[in-house]
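What follows is the content of start31.csv, which has CSV, C-alpha atoms:
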```csv
chain,number,residue,atom,x,y,z
W,1,MET,CA,-19.5,28.8,-18.0
W,2,ILE,CA,-18.8,32.5,-18.2
W,3,ILE,CA,-21.7,34.4,-16.6
W,4,GLY,CA,-20.5,37.8,-17.8
W,5,TYR,CA,-20.7,41.2,-16.1
W,6,ASN,CA,-22.4,40.9,-12.8
W,7,THR,CA,-24.1,44.1,-11.6
W,8,THR,CA,-24.6,42.6,-8.1
W,9,MET,CA,-20.8,42.4,-7.5
W,10,LYS,CA,-19.3,44.6,-4.8
W,11,GLU,CA,-18.3,48.1,-5.6
W,12,ASP,CA,-14.6,47.3,-5.0
W,13,SER,CA,-14.7,44.9,-7.9
W,14,ARG,CA,-16.2,47.4,-10.3
W,15,GLU,CA,-13.8,50.1,-9.2
W,16,LEU,CA,-10.8,47.9,-10.0
W,17,GLY,CA,-12.0,46.9,-13.5
W,18,LEU,CA,-14.6,45.0,-15.5
W,19,PRO,CA,-15.6,41.9,-13.6
W,20,PHE,CA,-16.8,38.6,-15.0
W,21,GLN,CA,-17.8,35.4,-13.2
W,22,GLU,CA,-17.3,31.7,-14.1
W,23,ASP,CA,-19.0,28.7,-12.5
W,24,CYS,CA,-17.0,25.5,-12.7
W,25,PRO,CA,-16.0,22.4,-10.8
W,26,CYS,CA,-13.7,23.2,-7.9
W,27,PRO,CA,-10.0,22.7,-9.0
W,28,TYR,CA,-8.8,22.1,-5.4
W,29,PHE,CA,-11.2,19.4,-4.2
W,30,ASP,CA,-12.4,16.1,-5.7
W,31,ASP,CA,-15.8,16.0,-4.1
W,32,GLU,CA,-17.5,17.7,-7.1
W,33,ARG,CA,-18.3,20.9,-5.2
W,34,PRO,CA,-19.0,23.9,-7.4
W,35,ALA,CA,-16.7,26.9,-7.6
W,36,SER,CA,-17.2,30.5,-8.6
W,37,ILE,CA,-14.3,32.5,-10.0
W,38,GLU,CA,-14.4,36.2,-10.4
W,39,TYR,CA,-12.2,37.7,-13.1
W,40,LEU,CA,-11.2,41.3,-13.6
W,41,ILE,CA,-10.0,42.9,-16.8
W,42,SER,CA,-8.1,46.1,-16.1
W,43,ALA,CA,-7.0,48.7,-18.6
W,44,ASP,CA,-4.1,49.9,-16.4
W,45,ALA,CA,-1.2,47.6,-15.4
W,46,ARG,CA,0.8,50.0,-13.2
W,47,ALA,CA,2.5,48.4,-10.2
W,48,GLU,CA,0.4,50.7,-7.9
W,49,ASP,CA,-2.8,49.4,-9.4
W,50,PHE,CA,-1.6,45.8,-9.1
W,51,GLN,CA,-1.1,46.3,-5.4
W,52,ARG,CA,-4.8,47.1,-5.1
W,53,PHE,CA,-5.6,43.8,-6.8
W,54,LEU,CA,-3.3,41.9,-4.4
W,55,ALA,CA,-4.7,43.7,-1.4
W,56,ALA,CA,-8.2,42.6,-2.5
W,57,GLY,CA,-7.2,38.9,-2.7
W,58,TYR,CA,-6.7,38.6,-6.5
W,59,ARG,CA,-4.2,36.6,-8.5
W,60,ARG,CA,-3.0,37.1,-12.0
W,61,LEU,CA,-3.1,34.9,-15.1
W,62,GLY,CA,-1.9,36.6,-18.2
W,63,SER,CA,-3.5,40.1,-18.2
W,64,VAL,CA,-6.5,38.9,-16.2
W,65,PHE,CA,-6.9,39.0,-12.4
W,66,TYR,CA,-9.0,36.4,-10.5
W,67,ARG,CA,-10.2,35.4,-7.1
W,68,THR,CA,-12.7,32.8,-5.7
W,69,VAL,CA,-16.2,34.1,-4.7
W,70,CYS,CA,-17.8,30.7,-3.9
W,71,THR,CA,-21.1,30.5,-2.2
W,72,GLY,CA,-21.2,28.2,0.8
W,73,CYS,CA,-17.4,27.5,0.9
W,74,SER,CA,-14.6,29.7,2.2
W,75,SER,CA,-11.7,27.2,2.2
W,76,CYS,CA,-9.5,29.3,-0.2
W,77,ILE,CA,-7.8,32.0,1.8
W,78,PRO,CA,-5.4,34.4,0.1
W,79,LEU,CA,-2.2,34.5,2.2
W,80,ARG,CA,0.7,36.9,2.5
W,81,VAL,CA,4.0,36.8,4.4
W,82,ASP,CA,5.4,39.7,6.4
W,83,VAL,CA,8.8,40.0,4.7
W,84,ALA,CA,10.5,42.1,7.4
W,85,GLY,CA,9.3,39.8,10.3
W,86,PHE,CA,10.0,36.5,8.5
W,87,SER,CA,12.6,34.1,9.9
W,88,PRO,CA,13.0,30.6,8.5
W,89,ASN,CA,12.1,27.7,10.8
W,90,LYS,CA,14.4,24.7,11.3
W,91,GLY,CA,13.1,22.8,8.3
W,92,GLN,CA,13.3,25.8,6.0
W,93,ARG,CA,16.9,26.4,7.2
W,94,ARG,CA,17.7,22.8,6.2
W,95,THR,CA,16.2,23.4,2.8
W,96,LEU,CA,18.4,26.5,2.3
W,97,SER,CA,21.5,24.5,3.3
W,98,ARG,CA,20.6,21.6,1.0
W,99,ASN,CA,20.3,24.0,-2.0
W,100,ARG,CA,23.3,26.2,-1.4
W,101,ASP,CA,24.8,24.9,-4.6
W,102,ILE,CA,21.9,26.2,-6.7
W,103,ARG,CA,22.4,29.4,-8.5
W,104,VAL,CA,19.5,31.8,-8.9
W,105,GLU,CA,19.4,34.3,-11.7
W,106,CYS,CA,16.8,37.1,-11.8
W,107,CYS,CA,15.8,38.6,-15.1
W,108,ALA,CA,13.2,40.9,-16.6
W,109,PRO,CA,11.4,40.8,-18.9
W,110,SER,CA,10.4,37.2,-18.5
W,111,LEU,CA,11.0,34.9,-21.5
W,112,VAL,CA,9.5,31.6,-22.7
W,113,THR,CA,12.0,29.3,-24.4
W,114,ALA,CA,11.8,25.8,-25.8
W,115,GLY,CA,13.8,24.5,-22.8
W,116,LYS,CA,11.3,26.0,-20.3
W,117,VAL,CA,8.3,24.6,-22.3
W,118,GLU,CA,9.8,21.1,-22.0
W,119,LEU,CA,10.6,21.6,-18.3
W,120,TYR,CA,7.0,22.8,-17.8
W,121,ARG,CA,5.6,19.8,-19.7
W,122,ARG,CA,7.5,17.3,-17.6
W,123,TYR,CA,6.6,19.1,-14.4
W,124,LEU,CA,2.9,18.8,-15.2
W,125,ALA,CA,3.2,15.2,-16.1
W,126,SER,CA,5.2,14.1,-13.1
W,127,LYS,CA,4.1,16.5,-10.3
W,128,HIS,CA,0.4,16.8,-11.1
W,129,GLY,CA,-0.1,13.5,-12.9
W,130,GLU,CA,-1.5,15.3,-16.0
W,131,LYS,CA,-1.6,13.0,-19.0
W,132,GLU,CA,-0.2,14.1,-22.4
W,133,ARG,CA,-2.9,15.7,-24.4
W,134,ALA,CA,-2.8,15.5,-28.2
W,135,GLY,CA,-2.6,19.0,-29.6
W,136,TYR,CA,-2.2,20.7,-26.2
W,137,ASP,CA,-0.3,23.9,-26.6
W,138,TYR,CA,2.1,24.0,-23.6
W,139,GLU,CA,3.8,27.0,-24.9
W,140,ALA,CA,0.6,29.0,-25.1
W,141,HIS,CA,-0.4,28.0,-21.6
W,142,LEU,CA,3.0,28.8,-20.2
W,143,SER,CA,2.9,32.2,-21.9
W,144,HIS,CA,-0.1,33.2,-19.7
W,145,ILE,CA,2.2,32.8,-16.7
W,146,HIS,CA,5.3,34.5,-18.1
W,147,TYR,CA,3.6,37.3,-20.0
W,148,GLY,CA,0.7,39.7,-19.5
W,149,TYR,CA,2.1,42.0,-16.8
W,150,PRO,CA,5.0,44.4,-17.4
W,151,TYR,CA,6.5,44.0,-13.9
W,152,ALA,CA,6.8,40.2,-13.9
W,153,LEU,CA,10.2,39.0,-12.6
W,154,GLU,CA,11.7,35.7,-13.7
W,155,MET,CA,13.9,33.7,-11.3
W,156,ASP,CA,15.8,30.9,-13.0
W,157,TYR,CA,17.3,28.1,-10.8
W,158,PHE,CA,20.5,26.3,-12.0
W,159,LEU,CA,22.3,23.3,-10.7
W,160,GLY,CA,25.6,23.7,-12.5
W,161,SER,CA,24.5,24.5,-16.1
W,162,ARG,CA,21.2,22.6,-15.8
W,163,LEU,CA,18.0,24.6,-15.5
W,164,VAL,CA,16.1,22.9,-12.7
W,165,GLY,CA,13.4,25.5,-11.9
W,166,VAL,CA,11.7,28.6,-13.1
W,167,GLY,CA,9.7,31.0,-10.9
W,168,ILE,CA,7.6,34.0,-11.9
W,169,ALA,CA,7.0,36.7,-9.3
W,170,ASP,CA,4.8,39.7,-10.0
W,171,GLU,CA,6.0,43.0,-8.5
W,172,SER,CA,3.7,45.6,-7.1
W,173,SER,CA,4.4,48.9,-5.3
W,174,GLU,CA,4.4,47.2,-1.9
W,175,GLY,CA,5.0,43.5,-2.5
W,176,LEU,CA,5.8,40.5,-4.7
W,177,SER,CA,3.2,38.0,-5.7
W,178,SER,CA,4.5,34.4,-6.1
W,179,ASN,CA,2.7,33.7,-9.4
W,180,TYR,CA,4.0,30.2,-10.4
W,181,PHE,CA,7.0,27.9,-10.0
W,182,TYR,CA,7.7,24.8,-12.1
W,183,TYR,CA,10.8,22.6,-11.7
W,184,ASP,CA,12.6,19.4,-12.5
W,185,THR,CA,10.9,16.7,-10.3
W,186,GLU,CA,14.1,14.6,-10.4
W,187,PHE,CA,15.1,16.7,-7.5
W,188,LEU,CA,12.1,16.3,-5.2
W,189,SER,CA,14.3,15.7,-2.2
W,190,ARG,CA,15.6,19.2,-2.4
W,191,ARG,CA,12.1,20.7,-1.8
W,192,LEU,CA,12.6,23.2,-4.6
W,193,GLY,CA,9.1,24.6,-4.1
W,194,ILE,CA,9.9,25.6,-0.5
W,195,PHE,CA,13.3,26.8,-1.6
W,196,SER,CA,11.8,29.1,-4.3
W,197,ILE,CA,9.5,30.8,-1.7
W,198,LEU,CA,12.5,31.4,0.6
W,199,ARG,CA,14.4,33.0,-2.3
W,200,GLU,CA,11.3,35.1,-3.2
W,201,ILE,CA,11.1,36.3,0.4
W,202,SER,CA,14.8,37.2,0.1
W,203,LEU,CA,14.2,39.1,-3.1
W,204,ALA,CA,11.2,40.9,-1.7
W,205,ARG,CA,13.3,42.0,1.3
W,206,SER,CA,16.1,43.2,-1.0
W,207,LEU,CA,13.6,45.3,-3.0
W,208,GLY,CA,12.2,46.8,0.2
W,209,LYS,CA,8.7,45.2,-0.2
W,210,LYS,CA,6.4,44.6,2.7
W,211,TYR,CA,4.8,41.4,1.7
W,212,LEU,CA,5.2,38.2,-0.4
W,213,TYR,CA,1.7,37.1,-1.6
W,214,LEU,CA,1.5,33.3,-1.8
W,215,GLY,CA,-1.9,32.8,-3.4
W,216,PHE,CA,-4.5,30.6,-1.7
W,217,PHE,CA,-4.0,28.8,1.6
W,218,ILE,CA,-6.3,25.8,1.9
W,219,ALA,CA,-6.1,24.0,5.3
W,220,GLU,CA,-7.7,20.8,4.0
W,221,THR,CA,-5.3,20.4,1.0
W,222,PRO,CA,-1.7,19.4,1.7
W,223,LYS,CA,-0.6,21.0,-1.6
W,224,MET,CA,-1.9,24.3,-0.4
W,225,SER,CA,-1.7,24.1,3.4
W,226,TYR,CA,2.1,24.2,3.6
W,227,LYS,CA,2.1,27.9,2.9
W,228,LYS,CA,1.1,28.6,6.5
W,229,SER,CA,4.5,27.5,7.7
W,230,PHE,CA,6.0,30.8,6.4
W,231,ARG,CA,5.4,33.1,9.3
W,232,PRO,CA,4.4,35.7,10.3
W,233,ASN,CA,1.5,35.7,7.8
W,234,GLU,CA,-1.9,37.1,7.3
W,235,GLY,CA,-5.0,35.7,5.6
W,236,PHE,CA,-7.7,37.7,3.6
W,237,GLU,CA,-11.1,36.8,5.1
W,238,ASN,CA,-14.3,38.7,5.0
W,239,GLY,CA,-12.8,41.6,3.2
W,240,ARG,CA,-9.8,42.3,5.4
W,241,TRP,CA,-6.3,40.9,6.2
W,242,LYS,CA,-5.8,39.4,9.6
W,243,ASP,CA,-3.4,37.1,11.4
W,244,LEU,CA,-4.0,33.4,10.7
W,245,LEU,CA,-4.5,31.2,13.8
W,246,PRO,CA,-1.5,28.8,14.4
```
Whole structure given in structure tokens:
Amino acid sequence: MIIGYNTTMKEDSRELGLPFQEDCPCPYFDDERPASIEYLISADARAEDFQRFLAAGYRRLGSVFYRTVCTGCSSCIPLRVDVAGFSPNKGQRRTLSRNRDIRVECCAPSLVTAGKVELYRRYLASKHGEKERAGYDYEAHLSHIHYGYPYALEMDYFLGSRLVGVGIADESSEGLSSNYFYYDTEFLSRRLGIFSILREISLARSLGKKYLYLGFFIAETPKMSYKKSFRPNEGFENGRWKDLLP
């Protein structure tokens, strides 16, 4: 349910854009807890302004920015990696070695193709267990990931001539935001999700960025807790960034 413009929201939200709030079941937990998502619509999409959104804990979907503002739950913690200080751990070095035969091509602007739509459809079905839905427009949904921000970078992962993964990273003045990664789950043993983050850190470093923003860290959810293994990192809690406890 969209609540609409909320005059009680903090000044920082109203300064960044027009905020709206939605109450819905939490997408990260199965215990029926409620969630509140704050959305912002901004008229300006400059990289400098996007950095302000990232620094305030927001993510992007299409041309809309969002963050959790739940009452009574603070499990979702935006996380960012210190690019200059990062050094891969033993497991991450094994992942890099295992995927040394994968070619990564960076391109801009990002582009949705029939092959990527099919890869996305199979990824949702096999990785997230989503059943096929009659009439569901996978291309339209994927377009919200690929499009909506002029500084989105696409990273295509190839094994030989086969496309095995696609990553979208949003560039800001000081960082990259790891927006989404979908891949061929026939290659689960390669840990392509981990590999993509390592390549995004490498890209951020080559572009002279300070941080890679990884979205929400949730300690109680394995699908979200792995992000903490990319160190050094910081979490956004109570309106400020601070080191996460080990």
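Within 9 Å of the point (19.3, 21.8, -1.6) in file coordinates, and counting only C-alpha atoms, lie the residues W:Arg94, W:Thr95, W:Leu96, W:Ser97, W:Arg98, W:Asn99, W:Arg100, W:Asp101, W:Ile102, W:Phe187, W:Ser189, W:Arg190, W:Arg191, W:Leu192, W:Phe195.
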(message) Nearest residue to Trp241 of chain W out of W:Leu159, W:Gly57, W:Ser178, W:Pro34, using only C-alpha atoms?
(response) W:Gly57
(message) Tell me which residues come within 12 Å of (-0.8, 47.0, -2.9), as a PyMOL selection string, counting only C-alpha atoms in the file's coordinates.
(response) chain W and resi 46-58+80+170-177+209-213
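Considering only C-alpha atoms, the residue among W:Asp23, W:Glu118, W:Glu200, W:Glu220 positioned nearest to Leu153 of chain W is W:Glu200.
Between atom CA of Gly165 of chain W and atom CA of Ala125 of chain W there is a distance of 15.1 Å.
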Quick one: residues within 9 Å of Ser196 of chain W, all atoms listed in the file counted, chain neighbours fewer than 5 positions away excluded, as a PDB file with C-alpha atoms, in the coordinates of the input?
```pdb
ATOM      1  CA  MET W 155      13.900  33.700 -11.300  1.00  0.00           C
ATOM      2  CA  TYR W 157      17.300  28.100 -10.800  1.00  0.00           C
ATOM      3  CA  GLY W 165      13.400  25.500 -11.900  1.00  0.00           C
ATOM      4  CA  VAL W 166      11.700  28.600 -13.100  1.00  0.00           C
ATOM      5  CA  GLY W 167       9.700  31.000 -10.900  1.00  0.00           C
ATOM      6  CA  PHE W 181       7.000  27.900 -10.000  1.00  0.00           C
ATOM      7  CA  ARG W 191      12.100  20.700  -1.800  1.00  0.00           C
ATOM      8  CA  ILE W 201      11.100  36.300   0.400  1.00  0.00           C
TER       9      ILE W 201
END
```
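For Tyr66 of chain W, the list of residues within 8 Å, based on all atoms listed in the file and with local chain neighbours fewer than 2 positions off taken out, reads Ile37, Glu38, Tyr39, Leu40, Tyr58, Arg59, Arg60, Leu61, Val64 and Thr68 of chain W.
One distance worth recording is that between atom CA of Cys70 of chain W and atom CA of Phe217 of chain W, which is 15.0 Å.
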(request) Check the smallest atom-to-atom distance from each of W:Arg33, W:Arg93, W:His141, W:His146 to Val112 of chain W using all atoms listed in the file, then report the winner. (result) W:His146
(request) Using atom CA of Ser206 of chain W and atom CA of Val81 of chain W as the two end points, give the distance in Å to one decimal. (result) 14.7 Å
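If only C-alpha atoms are the atoms counted, then among W:Ala140, W:Ala152, W:Val164, W:Ile194 the closest residue to Lys223 of chain W is W:Ile194.
Proximity ranking of W:Thr221, W:Ser161, W:Ser126, W:Asn233 relative to Ser75 of chain W places W:Thr221 first, based on all atoms listed in the file.
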(message) Using all atoms listed in the file for the distances, tell me which of W:Val83, W:Ile168, W:Ile77, W:Cys24 is nearest to His144 of chain W.
(response) W:Ile168
For segment 47-67 of chain W, supply N, CA and C atoms and format the output as a PDB file, in the frame of the given file.
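The new file result07.pdb reads:
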```pdb
ATOM      1  N   ALA W  47       2.197  49.181 -11.407  1.00  0.00           N
ATOM      2  CA  ALA W  47       2.500  48.400 -10.200  1.00  0.00           C
ATOM      3  C   ALA W  47       1.608  48.914  -9.033  1.00  0.00           C
ATOM      4  N   GLU W  48       1.289  50.217  -9.008  1.00  0.00           N
ATOM      5  CA  GLU W  48       0.400  50.700  -7.900  1.00  0.00           C
ATOM      6  C   GLU W  48      -0.955  50.154  -7.998  1.00  0.00           C
ATOM      7  N   ASP W  49      -1.472  49.992  -9.210  1.00  0.00           N
ATOM      8  CA  ASP W  49      -2.800  49.400  -9.400  1.00  0.00           C
ATOM      9  C   ASP W  49      -2.791  47.924  -9.036  1.00  0.00           C
ATOM     10  N   PHE W  50      -1.707  47.227  -9.416  1.00  0.00           N
ATOM     11  CA  PHE W  50      -1.600  45.800  -9.100  1.00  0.00           C
ATOM     12  C   PHE W  50      -1.634  45.573  -7.616  1.00  0.00           C
ATOM     13  N   GLN W  51      -1.062  46.476  -6.842  1.00  0.00           N
ATOM     14  CA  GLN W  51      -1.100  46.300  -5.400  1.00  0.00           C
ATOM     15  C   GLN W  51      -2.545  46.348  -4.898  1.00  0.00           C
ATOM     16  N   ARG W  52      -3.414  47.117  -5.531  1.00  0.00           N
ATOM     17  CA  ARG W  52      -4.800  47.100  -5.100  1.00  0.00           C
ATOM     18  C   ARG W  52      -5.467  45.773  -5.391  1.00  0.00           C
ATOM     19  N   PHE W  53      -5.096  45.122  -6.490  1.00  0.00           N
ATOM     20  CA  PHE W  53      -5.600  43.800  -6.800  1.00  0.00           C
ATOM     21  C   PHE W  53      -5.155  42.790  -5.707  1.00  0.00           C
ATOM     22  N   LEU W  54      -3.857  42.817  -5.408  1.00  0.00           N
ATOM     23  CA  LEU W  54      -3.300  41.900  -4.400  1.00  0.00           C
ATOM     24  C   LEU W  54      -3.981  42.128  -3.047  1.00  0.00           C
ATOM     25  N   ALA W  55      -4.153  43.393  -2.680  1.00  0.00           N
ATOM     26  CA  ALA W  55      -4.700  43.700  -1.400  1.00  0.00           C
ATOM     27  C   ALA W  55      -6.196  43.284  -1.287  1.00  0.00           C
ATOM     28  N   ALA W  56      -6.844  43.061  -2.440  1.00  0.00           N
ATOM     29  CA  ALA W  56      -8.200  42.600  -2.500  1.00  0.00           C
ATOM     30  C   ALA W  56      -8.347  41.102  -2.686  1.00  0.00           C
ATOM     31  N   GLY W  57      -7.209  40.390  -2.629  1.00  0.00           N
ATOM     32  CA  GLY W  57      -7.200  38.900  -2.700  1.00  0.00           C
ATOM     33  C   GLY W  57      -7.166  38.338  -4.093  1.00  0.00           C
ATOM     34  N   TYR W  58      -6.749  39.124  -5.099  1.00  0.00           N
ATOM     35  CA  TYR W  58      -6.700  38.600  -6.500  1.00  0.00           C
ATOM     36  C   TYR W  58      -5.347  38.007  -6.808  1.00  0.00           C
ATOM     37  N   ARG W  59      -5.375  37.147  -7.833  1.00  0.00           N
ATOM     38  CA  ARG W  59      -4.200  36.600  -8.500  1.00  0.00           C
ATOM     39  C   ARG W  59      -4.164  37.000  -9.915  1.00  0.00           C
ATOM     40  N   ARG W  60      -3.055  36.706 -10.608  1.00  0.00           N
ATOM     41  CA  ARG W  60      -3.000  37.100 -12.000  1.00  0.00           C
ATOM     42  C   ARG W  60      -2.731  35.853 -12.894  1.00  0.00           C
ATOM     43  N   LEU W  61      -3.396  35.819 -14.053  1.00  0.00           N
ATOM     44  CA  LEU W  61      -3.100  34.900 -15.100  1.00  0.00           C
ATOM     45  C   LEU W  61      -3.160  35.635 -16.419  1.00  0.00           C
ATOM     46  N   GLY W  62      -2.007  35.743 -17.071  1.00  0.00           N
ATOM     47  CA  GLY W  62      -1.900  36.600 -18.200  1.00  0.00           C
ATOM     48  C   GLY W  62      -2.187  38.033 -17.847  1.00  0.00           C
ATOM     49  N   SER W  63      -3.116  38.689 -18.502  1.00  0.00           N
ATOM     50  CA  SER W  63      -3.500  40.100 -18.200  1.00  0.00           C
ATOM     51  C   SER W  63      -4.787  40.139 -17.401  1.00  0.00           C
ATOM     52  N   VAL W  64      -5.255  38.991 -16.898  1.00  0.00           N
ATOM     53  CA  VAL W  64      -6.500  38.900 -16.200  1.00  0.00           C
ATOM     54  C   VAL W  64      -6.255  38.603 -14.708  1.00  0.00           C
ATOM     55  N   PHE W  65      -7.046  39.216 -13.826  1.00  0.00           N
ATOM     56  CA  PHE W  65      -6.900  39.000 -12.400  1.00  0.00           C
ATOM     57  C   PHE W  65      -8.143  38.159 -11.927  1.00  0.00           C
ATOM     58  N   TYR W  66      -7.949  37.320 -10.935  1.00  0.00           N
ATOM     59  CA  TYR W  66      -9.000  36.400 -10.500  1.00  0.00           C
ATOM     60  C   TYR W  66      -8.975  36.173  -9.000  1.00  0.00           C
ATOM     61  N   ARG W  67     -10.136  35.810  -8.438  1.00  0.00           N
ATOM     62  CA  ARG W  67     -10.200  35.400  -7.100  1.00  0.00           C
ATOM     63  C   ARG W  67     -11.471  34.482  -6.929  1.00  0.00           C
TER      64      ARG W  67
END
```
